[in-house]
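Shown below: work_34.cif, with mmCIF, C-alpha atoms.
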data_input
loop_
_atom_site.group_PDB
_atom_site.id
_atom_site.type_symbol
_atom_site.label_atom_id
_atom_site.label_comp_id
_atom_site.auth_asym_id
_atom_site.auth_seq_id
_atom_site.Cartn_x
_atom_site.Cartn_y
_atom_site.Cartn_z
ATOM 1 C CA MET A 14 66.167 79.718 133.137
ATOM 2 C CA GLU A 15 63.339 81.113 135.261
ATOM 3 C CA ILE A 16 60.169 81.971 133.370
ATOM 4 C CA SER A 17 60.366 85.636 134.402
ATOM 5 C CA ASN A 18 63.869 85.936 132.954
ATOM 6 C CA SER A 19 62.858 84.062 129.843
ATOM 7 C CA ASN A 20 59.939 86.467 129.418
ATOM 8 C CA LYS A 21 62.235 89.489 129.789
ATOM 9 C CA ILE A 22 64.341 88.211 126.899
ATOM 10 C CA LYS A 23 61.239 87.479 124.868
ATOM 11 C CA GLU A 24 59.917 91.024 125.414
ATOM 12 C CA ILE A 25 63.236 92.512 124.316
ATOM 13 C CA PHE A 26 63.329 90.476 121.110
ATOM 14 C CA ILE A 27 59.708 91.307 120.294
ATOM 15 C CA GLU A 28 60.301 95.013 120.936
ATOM 16 C CA VAL A 29 63.583 95.358 119.029
ATOM 17 C CA LEU A 30 62.786 93.079 116.083
ATOM 18 C CA LYS A 31 59.099 94.115 116.034
ATOM 19 C CA LEU A 32 58.067 90.459 116.058
ATOM 20 C CA GLU A 33 54.614 88.959 116.172
ATOM 21 C CA ILE A 34 54.271 86.680 119.196
ATOM 22 C CA ASP A 35 54.333 83.524 117.088
ATOM 23 C CA GLU A 36 57.480 84.639 115.288
ATOM 24 C CA TYR A 37 59.467 84.404 118.518
ATOM 25 C CA THR A 38 61.001 80.947 118.809
ATOM 26 C CA GLU A 39 64.084 79.387 120.356
ATOM 27 C CA THR A 40 65.471 78.764 116.886
ATOM 28 C CA LEU A 41 65.130 82.359 115.679
ATOM 29 C CA SER A 42 68.574 83.019 114.229
ATOM 30 C CA TYR A 43 70.784 86.004 113.456
ATOM 31 C CA LEU A 44 71.901 84.407 110.216
ATOM 32 C CA GLU A 45 68.450 83.459 108.970
ATOM 33 C CA TYR A 46 66.231 86.375 110.010
ATOM 34 C CA ASP A 47 67.066 89.556 108.078
ATOM 35 C CA PRO A 48 65.705 92.140 110.568
ATOM 36 C CA TRP A 49 68.139 90.700 113.157
ATOM 37 C CA ASP A 50 71.108 92.590 111.745
ATOM 38 C CA SER A 51 74.193 94.138 113.304
ATOM 39 C CA ILE A 52 72.364 97.186 114.691
ATOM 40 C CA THR A 53 69.403 95.301 116.123
ATOM 41 C CA HIS A 54 71.858 92.758 117.545
ATOM 42 C CA MET A 55 73.629 95.483 119.505
ATOM 43 C CA LYS A 56 70.274 96.950 120.573
ATOM 44 C CA ILE A 57 69.252 93.541 121.916
ATOM 45 C CA VAL A 58 72.584 93.132 123.699
ATOM 46 C CA ALA A 59 72.354 96.604 125.310
ATOM 47 C CA LYS A 60 68.770 96.034 126.445
ATOM 48 C CA ILE A 61 69.566 92.607 127.894
ATOM 49 C CA GLU A 62 72.574 94.022 129.746
ATOM 50 C CA GLN A 63 70.350 96.709 131.223
ATOM 51 C CA ALA A 64 67.521 94.331 132.098
ATOM 52 C CA PHE A 65 69.783 91.824 133.857
ATOM 53 C CA ASP A 66 72.474 94.211 135.102
ATOM 54 C CA VAL A 67 75.216 92.232 133.365
ATOM 55 C CA GLU A 68 77.967 93.076 130.886
ATOM 56 C CA PHE A 69 78.909 90.747 128.069
ATOM 57 C CA GLU A 70 82.351 90.164 126.609
ATOM 58 C CA MET A 71 82.949 90.389 122.871
ATOM 59 C CA ARG A 72 83.022 86.597 122.534
ATOM 60 C CA ASP A 73 79.588 86.306 124.153
ATOM 61 C CA ILE A 74 78.090 89.000 121.934
ATOM 62 C CA ILE A 75 79.425 87.280 118.831
ATOM 63 C CA ALA A 76 78.178 83.906 120.070
ATOM 64 C CA MET A 77 74.584 85.137 120.473
ATOM 65 C CA GLU A 78 73.478 83.682 117.155
ATOM 66 C CA SER A 79 70.028 82.465 118.195
ATOM 67 C CA VAL A 80 67.419 83.029 120.879
ATOM 68 C CA ALA A 81 68.434 79.746 122.481
ATOM 69 C CA LYS A 82 72.088 80.787 122.574
ATOM 70 C CA VAL A 83 71.213 84.196 123.991
ATOM 71 C CA LYS A 84 69.234 82.546 126.792
ATOM 72 C CA GLU A 85 72.103 80.150 127.510
ATOM 73 C CA ILE A 86 74.649 82.982 127.719
ATOM 74 C CA VAL A 87 72.381 85.141 129.885
ATOM 75 C CA ALA A 88 71.747 82.179 132.187
ATOM 76 C CA ASN A 89 75.494 81.596 132.516
ATOM 77 C CA HIS A 90 75.995 85.214 133.542
ATOM 78 C CA ILE A 91 73.151 85.166 136.030
ATOM 79 C CA ASN A 92 74.475 81.934 137.531
ATOM 80 C CA GLY A 93 77.975 83.362 137.759
ATOM 81 C CA SER A 94 79.666 81.151 135.193
ATOM 82 C CA ASN A 95 81.231 84.203 133.529
ATOM 83 C CA MET B 15 100.657 97.664 86.922
ATOM 84 C CA VAL B 16 100.426 97.461 90.699
ATOM 85 C CA SER B 17 100.818 93.924 92.000
ATOM 86 C CA MET B 18 98.854 92.949 95.094
ATOM 87 C CA ASN B 19 98.819 89.749 97.057
ATOM 88 C CA MET B 20 95.066 89.274 97.480
ATOM 89 C CA GLN B 21 95.565 87.026 100.482
ATOM 90 C CA THR B 22 96.786 90.022 102.483
ATOM 91 C CA ILE B 23 93.917 92.343 101.591
ATOM 92 C CA GLY B 24 90.492 92.475 103.188
ATOM 93 C CA LEU B 25 87.604 94.485 101.779
ATOM 94 C CA GLY B 26 84.414 95.496 103.585
ATOM 95 C CA ILE B 27 81.346 97.600 102.845
ATOM 96 C CA ASP B 28 78.281 98.562 104.864
ATOM 97 C CA LEU B 29 75.142 100.629 104.407
ATOM 98 C CA ILE B 30 73.141 102.011 107.345
ATOM 99 C CA GLU B 31 69.720 103.597 107.077
ATOM 100 C CA TYR B 32 69.327 106.311 109.701
ATOM 101 C CA GLU B 33 65.820 105.091 110.494
ATOM 102 C CA SER B 34 67.263 101.852 111.857
ATOM 103 C CA PHE B 35 69.447 103.849 114.223
ATOM 104 C CA ASP B 36 66.662 106.027 115.607
ATOM 105 C CA GLY B 37 66.558 106.132 119.393
ATOM 106 C CA MET B 38 69.999 104.652 119.855
ATOM 107 C CA GLN B 39 71.715 108.058 119.975
ATOM 108 C CA ASP B 40 70.332 108.461 123.511
ATOM 109 C CA ASP B 41 70.965 104.912 124.718
ATOM 110 C CA ALA B 42 74.047 105.285 126.912
ATOM 111 C CA ARG B 43 74.702 101.565 127.213
ATOM 112 C CA PHE B 44 74.491 101.008 123.472
ATOM 113 C CA LEU B 45 76.763 103.986 122.795
ATOM 114 C CA LYS B 46 79.337 102.752 125.315
ATOM 115 C CA LYS B 47 79.443 99.283 123.789
ATOM 116 C CA VAL B 48 79.827 100.510 120.224
ATOM 117 C CA PHE B 49 81.620 103.867 120.272
ATOM 118 C CA THR B 50 84.588 105.461 121.997
ATOM 119 C CA ILE B 51 84.214 108.554 124.166
ATOM 120 C CA GLU B 52 85.902 110.637 121.469
ATOM 121 C CA GLU B 53 83.522 109.425 118.779
ATOM 122 C CA VAL B 54 80.438 110.207 120.838
ATOM 123 C CA SER B 55 81.846 113.607 121.822
ATOM 124 C CA TYR B 56 82.483 114.484 118.181
ATOM 125 C CA CYS B 57 79.044 113.400 117.010
ATOM 126 C CA ARG B 58 77.395 115.359 119.813
ATOM 127 C CA THR B 59 78.945 118.565 118.533
ATOM 128 C CA LYS B 60 76.527 118.221 115.605
ATOM 129 C CA SER B 61 72.960 119.556 115.791
ATOM 130 C CA ASP B 62 71.740 116.076 114.844
ATOM 131 C CA PRO B 63 74.250 113.440 116.002
ATOM 132 C CA LEU B 64 72.308 110.500 114.544
ATOM 133 C CA PRO B 65 73.683 110.541 110.963
ATOM 134 C CA TYR B 66 77.213 110.886 112.292
ATOM 135 C CA LEU B 67 76.827 108.011 114.728
ATOM 136 C CA ALA B 68 75.195 105.898 112.025
ATOM 137 C CA ALA B 69 78.017 106.661 109.598
ATOM 138 C CA ARG B 70 80.561 105.590 112.190
ATOM 139 C CA PHE B 71 78.639 102.414 112.846
ATOM 140 C CA ALA B 72 78.655 101.663 109.105
ATOM 141 C CA THR B 73 82.381 102.345 108.997
ATOM 142 C CA LYS B 74 83.045 100.013 111.912
ATOM 143 C CA GLU B 75 80.967 97.318 110.212
ATOM 144 C CA ALA B 76 82.992 97.755 107.041
ATOM 145 C CA VAL B 77 86.218 97.463 109.056
ATOM 146 C CA ILE B 78 84.937 94.327 110.822
ATOM 147 C CA LYS B 79 84.119 92.770 107.435
ATOM 148 C CA ALA B 80 87.483 93.741 105.936
ATOM 149 C CA LEU B 81 89.441 92.313 108.858
ATOM 150 C CA GLY B 82 87.183 89.274 108.880
ATOM 151 C CA GLN B 83 88.474 88.458 105.406
ATOM 152 C CA LEU B 84 91.923 88.349 106.988
ATOM 153 C CA ASP B 85 90.613 86.000 109.713
ATOM 154 C CA GLU B 86 90.902 88.715 112.343
ATOM 155 C CA ASN B 87 88.076 89.248 114.826
ATOM 156 C CA ILE B 88 87.535 92.747 116.122
ATOM 157 C CA PHE B 89 84.708 94.448 117.983
ATOM 158 C CA TYR B 90 83.082 97.849 117.531
ATOM 159 C CA SER B 91 84.639 99.449 120.598
ATOM 160 C CA GLN B 92 88.127 98.382 119.447
ATOM 161 C CA ILE B 93 87.771 100.492 116.315
ATOM 162 C CA GLU B 94 87.997 104.258 116.584
ATOM 163 C CA ILE B 95 86.856 106.442 113.704
ATOM 164 C CA LEU B 96 88.270 109.965 113.913
ATOM 165 C CA LYS B 97 88.235 112.894 111.553
ATOM 166 C CA ARG B 98 91.464 114.629 110.617
ATOM 167 C CA GLU B 99 91.618 118.420 110.286
ATOM 168 C CA ASN B 100 91.632 118.044 106.491
ATOM 169 C CA GLY B 101 88.346 116.159 106.677
ATOM 170 C CA SER B 102 89.707 112.717 105.900
ATOM 171 C CA ILE B 103 88.885 109.793 108.161
ATOM 172 C CA LYS B 104 91.458 108.085 110.340
ATOM 173 C CA VAL B 105 90.963 104.593 111.768
ATOM 174 C CA ILE B 106 92.666 103.591 114.997
ATOM 175 C CA LEU B 107 92.834 99.909 115.930
ATOM 176 C CA LYS B 108 94.155 100.078 119.470
ATOM 177 C CA GLU B 109 94.348 96.335 120.075
ATOM 178 C CA HIS B 110 95.212 95.281 116.528
ATOM 179 C CA PRO B 111 98.492 97.024 115.710
ATOM 180 C CA HIS B 112 99.423 94.523 113.010
ATOM 181 C CA PHE B 113 96.762 95.793 110.641
ATOM 182 C CA VAL B 114 96.308 98.983 108.663
ATOM 183 C CA VAL B 115 92.839 99.992 107.529
ATOM 184 C CA LYS B 116 91.786 102.675 105.086
ATOM 185 C CA VAL B 117 88.145 103.702 104.945
ATOM 186 C CA SER B 118 85.864 105.937 102.973
ATOM 187 C CA LEU B 119 82.372 106.971 104.009
ATOM 188 C CA SER B 120 79.571 109.043 102.596
ATOM 189 C CA HIS B 121 76.360 110.499 104.028
ATOM 190 C CA GLY B 122 73.041 110.763 102.263
ATOM 191 C CA LYS B 123 69.700 112.131 103.402
ATOM 192 C CA ARG B 124 68.513 108.778 104.654
ATOM 193 C CA SER B 125 71.572 106.582 104.861
ATOM 194 C CA ALA B 126 75.336 106.359 105.143
ATOM 195 C CA ILE B 127 77.704 104.006 103.354
ATOM 196 C CA ALA B 128 81.276 103.046 104.180
ATOM 197 C CA THR B 129 83.995 100.938 102.657
ATOM 198 C CA ALA B 130 87.161 99.605 104.256
ATOM 199 C CA LEU B 131 90.376 98.131 102.931
ATOM 200 C CA ALA B 132 92.540 96.243 105.395
ATOM 201 C CA THR B 133 96.102 94.999 105.080
ATOM 202 C CA ARG B 134 98.653 93.493 107.417
ATOM 203 C CA ALA B 135 101.122 96.142 108.621
#
structure tokens encoding of this file:
Amino acid sequence: MEISNSNKIKEIFIEVLKLEIDEYTETLSYLEYDPWDSITHMKIVAKIEQAFDVEFEMRDIIAMESVAKVKEIVANHINGSN
Amino acid sequence: MVSMNMQTIGLGIDLIEYESFDGMQDDARFLKKVFTIEEVSYCRTKSDPLPYLAARFATKEAVIKALGQLDENIFYSQIEILKRENGSIKVILKEHPHFVVKVSLSHGKRSAIATALATRA
């Protein structure tokens, strides 16, 4: 993933989850980080869709369990795999 | 005594604090992904739509949890929460006709809570 796209995702996570910079990692996980709940998950999804002009299917939204997985799914959409 | 086969019943509960929903009532993309047109229209008839949207989100979460116990995956937009004329809540599962869900929800000053009971039709 290009650095600019990676930074867009980072900014969205930091904004929605109100993270400190050093709290943002590839391994940050929906299941292990309490503030990443169902509402903030949908906020993140909506903001990423808007930022990248994409629309995710239900299976993708459910699969976005970590920052790394989110980046992988976004990259697949940008590259036309979905 | 009523006999129930627990393997055919799913139970879900969810609590939403309005504060966590702040700002989302004006986010068109978020609303479209989570709510139906009818739900948004209803909530916008209220002077402050936020508690009503939050309550519906909590209800959908409760439904998702209840159906999850029956190994059924469903998404927010596939669940429609409507109010009957008598004030009771009706749940419509457009793409999951083999399930029946009953819900109950309550509003407070700062939060809403919902429960859902799901069974196979």
Residues within 8 Å of stretch 96-113 of chain B, all atoms listed in the file, excluding chain neighbours under 2 positions, as an MDAnalysis selection string
chainID B and resid 52:53 92:94 115:118 132:135
Find the residues near B:Asp41: any atom within 10 Å, counting all atoms listed in the file, skip ones fewer than 6 places away on the same chain, and give them as a PyMOL selection string.
chain A and resi 56+59-60
As a PyMOL selection string, please: the residues near stretch 34-40 of chain B (cut-off 8 Å, all atoms listed in the file, same-chain neighbours under 4 positions excluded).
(chain A and resi 52+56) or (chain B and resi 30+44-45+63-64+67-68)
Nearest to chain B among A:Met55, A:Leu32, A:Val87, A:Ile22, with distances taken over only C-alpha atoms: which residue is it?
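Comparing A:Met55, A:Leu32, A:Val87, A:Ile22 against chain B, the winner is A:Met55.
Using all atoms listed in the file, the nearest neighbour of chain A within the list B:Lys60, B:Gly24, B:Asp85, B:Tyr90 is B:Tyr90.
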Counting only C-alpha atoms, which residues of chain A come no farther than 10 Å from chain B, as a ChimeraX atom specification?
/A:48,51-53,55-60,62-63,68-72,74-75
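Separating atom CA of B:Ala130 from atom CA of B:Ala80 is a distance of 6.1 Å.
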